[in-house]
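Coordinates from input-v1.cif are shown below (mmCIF, C-alpha atoms).
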```
data_coords
#
loop_
_atom_site.label_atom_id
_atom_site.label_comp_id
_atom_site.auth_asym_id
_atom_site.auth_seq_id
_atom_site.Cartn_x
_atom_site.Cartn_y
_atom_site.Cartn_z
CA MET A 234 0.00 0.00 0.00
CA LEU A 235 1.35 3.41 -0.93
CA VAL A 236 1.79 5.49 2.20
CA PRO A 237 0.60 9.11 1.82
CA LEU A 238 3.12 11.88 2.39
CA VAL A 239 2.62 14.12 5.41
CA LEU A 240 4.07 17.57 4.69
CA LEU A 241 5.28 19.77 7.51
CA ALA A 242 6.76 23.29 7.43
CA PRO A 243 7.35 23.95 3.71
CA LEU A 244 10.45 26.11 3.83
CA VAL A 245 13.76 25.57 5.57
CA LEU A 246 16.49 28.19 5.41
CA LEU A 247 20.24 27.87 5.81
CA GLY A 248 22.38 29.82 8.20
CA SER A 249 23.38 33.18 6.80
CA ILE A 250 27.09 32.38 6.53
CA PRO A 251 27.86 29.29 4.42
CA ALA A 252 30.95 27.27 5.27
CA SER A 253 33.84 27.51 2.88
CA LEU A 254 35.53 24.31 1.86
CA ALA A 255 38.25 23.62 4.39
CA ASN A 256 41.65 22.09 3.77
CA LEU A 257 42.09 22.37 0.01
CA GLY A 258 45.61 20.93 0.09
CA PRO A 259 46.72 17.29 0.13
CA ALA A 260 45.14 15.06 2.77
CA SER A 261 47.17 14.34 5.88
CA ALA A 262 49.11 11.07 5.84
CA THR A 263 47.76 10.00 9.22
CA VAL A 264 44.73 10.63 11.40
CA THR A 265 44.41 10.34 15.18
CA ASN A 266 41.12 9.41 16.80
CA PRO A 267 38.86 10.94 17.90
CA LEU A 268 38.34 13.38 15.04
CA LEU A 269 36.52 15.87 17.28
CA PRO A 270 36.18 16.21 21.06
CA SER A 271 32.42 15.70 20.73
CA GLY A 272 30.20 14.09 18.10
CA PRO A 273 27.50 11.57 19.03
CA ASP A 274 25.89 9.60 16.18
CA PRO A 275 28.48 10.64 13.56
CA TRP A 276 27.90 10.43 9.82
CA ILE A 277 30.33 10.88 6.90
CA VAL A 278 29.56 10.75 3.20
CA ARG A 279 32.01 11.39 0.36
CA HIS A 280 30.89 13.19 -2.80
CA GLY A 281 33.64 13.65 -5.35
CA LYS A 282 36.70 14.81 -3.44
CA THR A 283 34.77 16.24 -0.50
CA PHE A 284 33.79 14.59 2.78
CA TYR A 285 30.61 15.85 4.46
CA TYR A 286 30.19 15.26 8.19
CA MET A 287 27.21 15.46 10.56
CA ASN A 288 26.46 14.41 14.13
CA THR A 289 23.72 14.81 16.71
CA LEU A 290 23.49 18.34 18.11
CA GLY A 291 20.03 18.01 19.66
CA ASN A 292 18.58 21.37 18.66
CA ARG A 293 19.61 21.77 14.99
CA LEU A 294 21.23 20.13 11.97
CA ALA A 295 24.70 21.21 10.82
CA ILE A 296 27.22 20.06 8.23
CA ARG A 297 31.01 20.29 8.05
CA LYS A 298 32.81 19.76 4.74
CA THR A 299 36.47 19.01 4.22
CA ARG A 300 38.93 17.25 1.93
CA ASP A 301 41.02 16.12 4.91
CA LEU A 302 39.27 14.29 7.74
CA ALA A 303 42.38 14.61 9.89
CA ARG A 304 41.59 18.34 9.99
CA LEU A 305 37.84 18.00 10.44
CA ALA A 306 37.94 20.21 13.53
CA GLU A 307 39.12 23.13 11.34
CA ALA A 308 36.14 22.81 8.99
CA PRO A 309 33.44 25.42 9.73
CA GLU A 310 30.13 24.07 10.95
CA THR A 311 27.19 25.32 8.87
CA THR A 312 23.73 25.11 10.43
CA VAL A 313 21.36 24.03 7.65
CA TRP A 314 18.12 23.58 9.60
CA THR A 315 16.58 24.42 12.94
CA PRO A 316 13.34 22.82 14.17
CA PRO A 317 10.02 24.63 14.48
CA ALA A 318 8.95 25.78 17.93
CA THR A 319 6.02 23.36 17.92
CA GLY A 320 4.96 20.29 15.99
CA PRO A 321 5.99 16.64 15.56
CA ASN A 322 9.67 17.47 14.85
CA ALA A 323 10.29 20.26 17.37
CA GLN A 324 12.86 18.71 19.72
CA SER A 325 15.50 16.01 20.35
CA ILE A 326 16.97 16.25 16.86
CA TRP A 327 19.09 13.09 16.64
CA ALA A 328 21.05 10.85 14.28
CA PRO A 329 21.24 12.88 11.04
CA GLU A 330 22.25 11.13 7.83
CA LEU A 331 23.11 12.96 4.60
CA HIS A 332 22.44 11.04 1.37
CA ARG A 333 22.91 11.95 -2.30
CA ILE A 334 19.96 10.42 -4.20
CA GLY A 335 19.01 11.10 -7.81
CA GLY A 336 20.77 14.44 -8.08
CA ALA A 337 19.46 15.83 -4.78
CA TRP A 338 20.57 15.79 -1.16
CA TYR A 339 18.43 14.30 1.61
CA ILE A 340 18.83 14.42 5.38
CA TYR A 341 17.10 11.74 7.43
CA TYR A 342 16.87 12.62 11.12
CA THR A 343 15.02 11.61 14.28
CA ALA A 344 12.85 14.09 16.19
CA ALA A 345 10.19 14.20 18.90
CA GLU A 346 6.92 16.09 19.18
CA SER A 347 6.81 19.31 21.18
CA GLY A 348 5.67 18.67 24.72
CA HIS A 349 6.21 14.90 24.42
CA ASP A 350 9.90 13.97 24.50
CA ASP A 351 9.30 10.22 24.80
CA ASP A 352 9.43 7.06 22.71
CA THR A 353 5.74 7.16 21.76
CA HIS A 354 6.14 10.57 20.10
CA ARG A 355 9.38 10.01 18.21
CA GLY A 356 9.86 9.43 14.48
CA ILE A 357 12.08 9.88 11.42
CA PHE A 358 11.80 12.92 9.13
CA VAL A 359 13.25 13.92 5.76
CA LEU A 360 14.64 17.16 4.29
CA GLU A 361 15.47 17.68 0.59
CA ASN A 362 17.93 20.04 -1.12
CA THR A 363 18.23 20.00 -4.92
CA GLY A 364 21.42 22.06 -4.94
CA ALA A 365 24.91 20.75 -5.65
CA ASP A 366 26.32 21.75 -2.23
CA PRO A 367 24.34 20.62 0.85
CA THR A 368 25.72 23.49 2.93
CA ARG A 369 24.03 26.00 0.61
CA GLY A 370 20.66 26.41 -1.03
CA ARG A 371 17.16 25.68 0.19
CA TRP A 372 16.11 22.72 2.32
CA VAL A 373 12.48 21.63 1.92
CA ASP A 374 10.75 19.64 4.66
CA ARG A 375 9.37 16.43 3.14
CA GLY A 376 7.68 15.41 6.38
CA ARG A 377 7.66 12.39 8.62
CA LEU A 378 8.08 8.91 7.20
CA ASN A 379 4.86 7.00 7.84
CA THR A 380 6.42 4.03 9.59
CA ALA A 381 4.33 1.31 11.19
CA HIS A 382 5.76 2.12 14.64
CA THR A 383 7.33 5.06 16.37
CA GLY A 384 11.09 4.78 16.26
CA ILE A 385 14.51 6.27 15.57
CA ASP A 386 17.64 6.04 13.43
CA GLY A 387 16.49 5.78 9.80
CA THR A 388 18.74 4.89 6.88
CA THR A 389 18.23 3.99 3.22
CA PHE A 390 19.89 1.95 0.47
CA VAL A 391 19.19 0.54 -3.00
CA GLU A 392 19.31 -3.13 -3.95
CA ARG A 393 18.53 -4.38 -7.48
CA GLY A 394 16.66 -1.23 -8.39
CA THR A 395 14.50 -0.97 -5.26
CA ARG A 396 15.11 1.57 -2.53
CA TYR A 397 14.67 0.39 1.07
CA PHE A 398 14.33 2.10 4.42
CA VAL A 399 15.60 0.56 7.65
CA TYR A 400 15.02 1.94 11.13
CA SER A 401 14.77 1.03 14.82
CA PRO A 402 11.11 0.87 15.88
CA TYR A 403 9.84 0.53 19.43
CA VAL A 404 7.97 -2.79 19.62
CA GLY A 405 6.78 -3.60 23.11
CA PRO A 406 9.72 -3.44 25.52
CA ASP A 407 12.26 -3.86 22.71
CA SER A 408 13.90 -1.72 20.07
CA VAL A 409 14.17 -3.87 16.94
CA LEU A 410 15.24 -3.46 13.30
CA ALA A 411 12.63 -3.19 10.55
CA ILE A 412 12.79 -2.75 6.77
CA VAL A 413 10.30 -1.48 4.20
CA ALA A 414 10.40 -0.54 0.51
CA MET A 415 10.29 3.09 -0.64
CA ALA A 416 8.33 4.66 -3.50
CA ASN A 417 10.67 7.69 -3.37
CA PRO A 418 13.14 9.08 -0.83
CA TRP A 419 10.35 10.32 1.48
CA THR A 420 7.49 7.84 0.88
CA LEU A 421 7.27 4.26 2.14
CA THR A 422 5.34 1.56 0.30
CA GLY A 423 4.22 -1.92 1.29
CA ALA A 424 4.44 -3.78 4.56
CA GLU A 425 7.30 -3.51 7.04
CA ALA A 426 9.23 -6.60 8.09
CA ILE A 427 11.09 -6.96 11.40
CA ILE A 428 14.45 -8.49 10.53
CA ALA A 429 16.22 -8.56 13.91
CA ARG A 430 15.34 -8.50 17.60
CA PRO A 431 17.59 -8.12 20.67
CA ASP A 432 17.71 -11.83 21.46
CA LEU A 433 21.40 -12.21 22.37
CA ASP A 434 22.76 -11.58 25.85
CA TRP A 435 25.19 -8.86 24.71
CA GLU A 436 22.26 -6.96 23.13
CA ARG A 437 20.42 -6.66 26.46
CA LYS A 438 22.87 -4.78 28.69
CA GLY A 439 22.15 -1.63 30.68
CA GLY A 440 18.59 -2.56 31.58
CA ARG A 441 17.13 -2.37 28.04
CA GLN A 442 16.81 -4.68 25.05
CA ILE A 443 17.92 -2.49 22.15
CA LEU A 444 18.95 -2.75 18.50
CA GLU A 445 19.41 0.67 16.89
CA GLY A 446 21.48 2.67 14.41
CA PRO A 447 21.22 0.30 11.40
CA GLU A 448 23.66 1.02 8.55
CA PHE A 449 23.97 -0.61 5.14
CA LEU A 450 27.15 -1.99 3.58
CA ARG A 451 27.46 -3.91 0.31
CA GLY A 452 30.08 -6.62 0.13
CA PRO A 453 32.42 -7.21 -2.83
CA LYS A 454 30.65 -10.49 -3.68
CA GLY A 455 27.18 -8.96 -3.61
CA ASP A 456 26.23 -9.88 -0.05
CA LEU A 457 24.27 -7.27 1.92
CA PHE A 458 25.31 -6.24 5.42
CA LEU A 459 23.52 -4.20 8.06
CA SER A 460 25.48 -3.10 11.08
CA TYR A 461 23.63 -2.02 14.21
CA SER A 462 24.29 -0.89 17.77
CA ALA A 463 23.00 -2.95 20.67
CA SER A 464 22.28 -2.59 24.40
CA ALA A 465 21.62 0.70 26.16
CA CYS A 466 23.80 3.60 25.00
CA TRP A 467 24.46 4.50 28.66
CA SER A 468 26.20 1.14 29.15
CA ASP A 469 29.88 0.51 28.46
CA ASP A 470 28.64 -2.76 26.91
CA TYR A 471 27.09 -0.81 24.03
CA ALA A 472 28.66 -2.31 20.89
CA ILE A 473 28.28 -2.82 17.14
CA GLY A 474 26.79 -5.99 15.65
CA LEU A 475 26.27 -7.23 12.11
CA LEU A 476 23.57 -8.85 9.94
CA ARG A 477 24.33 -10.54 6.63
CA ALA A 478 22.03 -11.40 3.72
CA ALA A 479 23.43 -13.53 0.91
CA ALA A 480 23.61 -12.07 -2.59
CA GLY A 481 20.34 -12.40 -4.44
CA THR A 482 18.11 -12.84 -1.40
CA ASP A 483 15.08 -10.65 -0.68
CA PRO A 484 15.95 -7.88 1.81
CA LEU A 485 12.30 -7.92 3.00
CA ASP A 486 12.54 -11.57 4.03
CA PRO A 487 13.54 -11.82 7.72
CA ALA A 488 14.92 -15.30 7.10
CA ALA A 489 17.49 -13.84 4.70
CA TRP A 490 19.29 -11.98 7.48
CA VAL A 491 21.79 -13.90 9.63
CA LYS A 492 23.17 -12.30 12.76
CA THR A 493 26.83 -12.47 13.83
CA PRO A 494 26.80 -13.94 17.37
CA ARG A 495 29.28 -11.48 18.87
CA PRO A 496 29.95 -7.74 18.42
CA VAL A 497 32.22 -6.74 15.55
CA ILE A 498 33.40 -3.62 17.43
CA ALA A 499 33.30 -3.44 21.24
CA SER A 500 34.92 -1.50 24.08
CA ALA A 501 38.71 -1.52 24.14
CA PRO A 502 39.68 -0.09 27.55
CA ASP A 503 43.42 -0.24 26.82
CA GLN A 504 42.77 2.03 23.79
CA HIS A 505 40.47 4.39 25.74
CA VAL A 506 37.41 3.32 23.76
CA PHE A 507 34.19 2.66 25.71
CA GLY A 508 30.69 1.98 24.41
CA PRO A 509 31.41 2.25 20.67
CA GLY A 510 28.35 2.50 18.48
CA HIS A 511 26.00 4.32 16.13
CA ASN A 512 28.24 3.92 13.13
CA GLY A 513 28.11 4.85 9.48
CA PHE A 514 30.10 3.71 6.44
CA PHE A 515 31.80 5.82 3.81
CA THR A 516 34.20 5.32 0.94
CA ALA A 517 37.58 6.89 0.20
CA ALA A 518 40.28 6.71 -2.48
CA ASP A 519 37.71 7.29 -5.26
CA GLY A 520 35.51 4.55 -3.80
CA ARG A 521 38.20 1.85 -3.55
CA GLU A 522 38.40 1.94 0.26
CA THR A 523 35.64 1.32 2.80
CA TRP A 524 35.72 3.08 6.17
CA ILE A 525 33.58 3.06 9.28
CA VAL A 526 32.81 6.03 11.53
CA TYR A 527 31.36 5.54 15.01
CA HIS A 528 31.25 7.30 18.35
CA ALA A 529 32.77 6.17 21.63
CA ASN A 530 33.50 7.54 25.07
CA PRO A 531 37.14 8.05 26.16
CA GLY A 532 36.51 6.61 29.62
CA PRO A 533 34.20 4.25 31.52
CA GLY A 534 30.80 5.18 32.92
CA MET A 535 30.36 8.31 30.77
CA LYS A 536 26.94 7.20 29.39
CA CYS A 537 24.99 8.99 26.59
CA THR A 538 26.33 12.53 26.59
CA ALA A 539 28.12 14.91 24.26
CA ARG A 540 31.42 13.41 25.43
CA ARG A 541 30.90 10.65 22.85
CA ALA A 542 33.33 11.49 20.06
CA PRO A 543 33.71 10.37 16.41
CA ARG A 544 36.31 7.79 15.45
CA ILE A 545 37.15 6.24 12.07
CA GLN A 546 38.97 3.13 10.93
CA ARG A 547 39.48 1.23 7.68
CA VAL A 548 37.28 -1.78 6.87
CA LYS A 549 39.02 -4.63 5.05
CA TRP A 550 37.37 -7.58 3.28
CA SER A 551 37.89 -11.31 3.82
CA VAL A 552 38.31 -13.77 0.96
CA GLN A 553 34.74 -14.90 1.71
CA GLY A 554 33.48 -11.36 1.05
CA GLY A 555 32.76 -10.33 4.64
CA PRO A 556 33.90 -7.10 6.35
CA VAL A 557 36.87 -7.24 8.71
CA PHE A 558 36.70 -4.38 11.19
CA GLY A 559 39.75 -4.71 13.39
CA ARG A 560 40.05 -3.50 16.95
CA PRO A 561 39.84 0.20 17.91
CA SER A 562 43.26 1.81 18.27
CA ALA A 563 44.50 4.94 20.03
CA SER A 564 47.52 5.10 17.73
CA PRO A 565 47.64 7.25 14.56
CA ILE A 566 46.43 5.42 11.46
CA ALA A 567 46.86 6.02 7.73
CA GLY A 568 44.12 8.49 6.89
CA PRO A 569 41.47 8.29 4.17
CA THR A 570 41.83 10.33 0.99
CA ALA A 571 38.91 11.38 -1.20
CA GLY A 572 40.99 10.84 -4.35
CA PRO A 573 43.37 8.04 -5.38
CA ALA A 574 45.46 6.43 -2.66
CA ALA A 575 48.70 5.76 -4.47
CA GLY A 576 50.71 2.89 -3.11
CA ARG A 577 48.36 2.09 -0.23
CA PRO A 578 48.16 -1.70 0.28
CA ASP A 579 44.84 -3.51 0.45
#
```

Target encoding structure tokens, full file:
Amino acid sequence: MLVPLVLLAPLVLLGSIPASLANLGPASATVTNPLLPSGPDPWIVRHGKTFYYMNTLGNRLAIRKTRDLARLAEAPETTVWTPPATGPNAQSIWAPELHRIGGAWYIYYTAAESGHDDDTHRGIFVLENTGADPTRGRWVDRGRLNTAHTGIDGTTFVERGTRYFVYSPYVGPDSVLAIVAMANPWTLTGAEAIIARPDLDWERKGGRQILEGPEFLRGPKGDLFLSYSASACWSDDYAIGLLRAAAGTDPLDPAAWVKTPRPVIASAPDQHVFGPGHNGFFTAADGRETWIVYHANPGPGMKCTARRAPRIQRVKWSVQGGPVFGRPSASPIAGPTAGPAAGRPD
């Protein structure tokens, strides 16, 4: 069934001072994590030779752009949208994702209704900008996605010509992962399918049963992967898990998705990494490298605050076509480049 679009405030304006592109020179050879002192729910997307970065700010949406992620802190932060004073998307602006789809930019973000900052009044909303540069131009509010449940943390991907939307709905006492097809970047179509529930012990830490922050990754052999974060974000046991669907299977079929039994990225106290989660994936070296960005606390017991900071690391691929994440490291690493990475080994 085609879900009708609910339009909200029709016009969204940018901040009056657009950010200039930072760091026009060659990318730094190394990068040291974290990239910023604060940055919950980080997101990076590469378009051409530019990296665009967003994270949760709570009361607005802002973008940084740079050609050198090692110098992300030097990139000006441009506010591109602020919420209305009242309405269904007035507060708790979380988990922004910036996507380039069909010649336009889209931001998917979570928000709560004014006067009701709780799980039963939370949903995912969409903004559209048809300009070439997402830090400029006009953002149009495309409304709230008409999901079957209230929820958070929406993302989108295309498989075999069909666009899909995945999010973390609240279903009873659990936060689960659900998928649904899309008619266009702001309209859902057909029935939702729950593809994962928090049924493993490591997904039920901190007093809640939670799967959230789903992110899509395509493998080199055509397999589909969805990472997710599990357990309560205020727990040091918060970690990143992985689902895998074999090439050619139906993403809407729950039986297609197989869960990895243990986290793929977890706390590494000796590296000052606690509660890693809410990741995204991006490419570098003209698309030949895959990277992951996620947040983590620098110490134990720091919970869900602005002290969570963005970290990146390279994702390798096994001979079987699965992602190999490696352990978080406090040491400098070879940094990503938007253009060719001459001489860098696989």

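Proximity ranking of A:Ile473, A:Tyr285, A:Leu302, A:Asp407 relative to Leu269 in chain A places A:Leu302 first, based on only C-alpha atoms.
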
### Task
Mind checking which residues fall within 10 Å of Ala323 in chain A, counting only C-alpha atoms, ignoring those fewer than 6 positions away in the same chain, and posting them as a PyMOL selection string?
chain A and resi 292-293+315-317+344-350

Just write the chosen residues, C-alpha atoms, as a short mmCIF file (atom, residue, chain, number, x, y, z; two decimals), in the coordinates of the input.
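Result saved to result.cif:
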```cif
data_model
loop_
_atom_site.label_atom_id
_atom_site.label_comp_id
_atom_site.auth_asym_id
_atom_site.auth_seq_id
_atom_site.Cartn_x
_atom_site.Cartn_y
_atom_site.Cartn_z
CA ASN A 292 18.58 21.37 18.66
CA ARG A 293 19.61 21.77 14.99
CA THR A 315 16.58 24.42 12.94
CA PRO A 316 13.34 22.82 14.17
CA PRO A 317 10.02 24.63 14.48
CA ALA A 344 12.85 14.09 16.19
CA ALA A 345 10.19 14.20 18.90
CA GLU A 346 6.92 16.09 19.18
CA SER A 347 6.81 19.31 21.18
CA GLY A 348 5.67 18.67 24.72
CA HIS A 349 6.21 14.90 24.42
CA ASP A 350 9.90 13.97 24.50
#
```

#### Entry: Residue nearest Leu294 in chain A among A:Gly320, A:Gly394, A:Gly510, A:Pro329 (counting only C-alpha atoms)
A:Pro329

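Note that the spacing between CA of Thr343 in chain A and CA of Arg547 in chain A amounts to 27.4 Å.
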
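Matched in the shown structure by the PyMOL selection byres ((chain A and resi 390) around 10): His332, Ile334, Thr388, Thr389, Val391, Glu392, Gly394, Thr395, Arg396, Tyr397, Phe398, Val399, Ala414, Met415, Pro418, Glu448, Phe449, Leu450 and Arg451 of chain A.
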
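From CA of Glu425 in chain A back to CA of Ala381 in chain A, the distance works out to 7.0 Å.
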
### Task
Find the residues around Thr353 in chain A up to 8 Å (only C-alpha atoms counted), leave out those fewer than 2 positions away in its own chain, and share them as a VMD selection string.
chain A and resid 351 355 383

Can you write just those residues out, C-alpha atoms, as a PDB file, in the coordinates of the input?
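Okay, part16.pdb is ready:
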```pdb
ATOM      1  CA  ASP A 351       9.300  10.220  24.800  1.00  0.00           C
ATOM      2  CA  ARG A 355       9.380  10.010  18.210  1.00  0.00           C
ATOM      3  CA  THR A 383       7.330   5.060  16.370  1.00  0.00           C
TER       4      THR A 383
END
```

### Message
Assuming the chain letters and numbering stay as they are in my file, what does the PyMOL selection byres ((chain A and resi 528) around 7) actually select? List them as a PyMOL selection string.
### Response
chain A and resi 272-275+509-512+527+529+541-544

### Query
Quick one, how far is CA of Ile412 in chain A from CA of Leu485 in chain A?
6.4 Å

### For Ala499 in chain A, the nearest of the candidates A:Pro561, A:Gly281, A:Gly572, A:Gly356, counting only C-alpha atoms
A:Pro561

### Task
Determine the residue set returned by the PyMOL selection byres ((chain A and resi 446) around 6) for the present structure, and present it as an NGL selection string.
:A and (386 or 445 or 447 or 461-462 or 511)

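Residues within 6 Å of range 295-299 of chain A, counting all atoms listed in the file and excluding same-chain residues fewer than 4 positions away, are Leu254, Ala255, Thr283, Phe284, Tyr285, Tyr286, Met287, Ala308, Pro309, Glu310, Thr311, Thr312 and Val313 of chain A.
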
### Summary
Of A:Phe507, A:Trp327, A:Trp490, A:Trp314, the one nearest to Trp372 in chain A when counting only C-alpha atoms is A:Trp314

### Query
Neighbours of Pro531 in chain A within 12 Å (only C-alpha atoms; same-chain residues fewer than 5 positions away dropped), as a PyMOL selection string?
chain A and resi 266-267+269-271+469+500-509+536+538-544+561-563

### Task
Would you list the residues near (12.4, -11.5, 14.6), meaning any protein, DNA or RNA residue with an atom at most 12 Å from that point in file coordinates, counting only C-alpha atoms, as a list in words?
Val404, Asp407, Ser408, Val409, Leu410, Ala411, Ile412, Ala426, Ile427, Ile428, Ala429, Arg430, Pro431, Asp432, Leu433, Leu444, Asp486, Pro487, Ala488, Ala489, Trp490, Val491 and Lys492 of chain A

For the residues selected in the previous step, produce a file with C-alpha atoms as a CSV table (one decimal), keeping the file's coordinate frame.
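Output file result_6.csv is given in full below:
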```csv
chain,number,residue,atom,x,y,z
A,404,VAL,CA,8.0,-2.8,19.6
A,407,ASP,CA,12.3,-3.9,22.7
A,408,SER,CA,13.9,-1.7,20.1
A,409,VAL,CA,14.2,-3.9,16.9
A,410,LEU,CA,15.2,-3.5,13.3
A,411,ALA,CA,12.6,-3.2,10.6
A,412,ILE,CA,12.8,-2.8,6.8
A,426,ALA,CA,9.2,-6.6,8.1
A,427,ILE,CA,11.1,-7.0,11.4
A,428,ILE,CA,14.4,-8.5,10.5
A,429,ALA,CA,16.2,-8.6,13.9
A,430,ARG,CA,15.3,-8.5,17.6
A,431,PRO,CA,17.6,-8.1,20.7
A,432,ASP,CA,17.7,-11.8,21.5
A,433,LEU,CA,21.4,-12.2,22.4
A,444,LEU,CA,19.0,-2.8,18.5
A,486,ASP,CA,12.5,-11.6,4.0
A,487,PRO,CA,13.5,-11.8,7.7
A,488,ALA,CA,14.9,-15.3,7.1
A,489,ALA,CA,17.5,-13.8,4.7
A,490,TRP,CA,19.3,-12.0,7.5
A,491,VAL,CA,21.8,-13.9,9.6
A,492,LYS,CA,23.2,-12.3,12.8
```
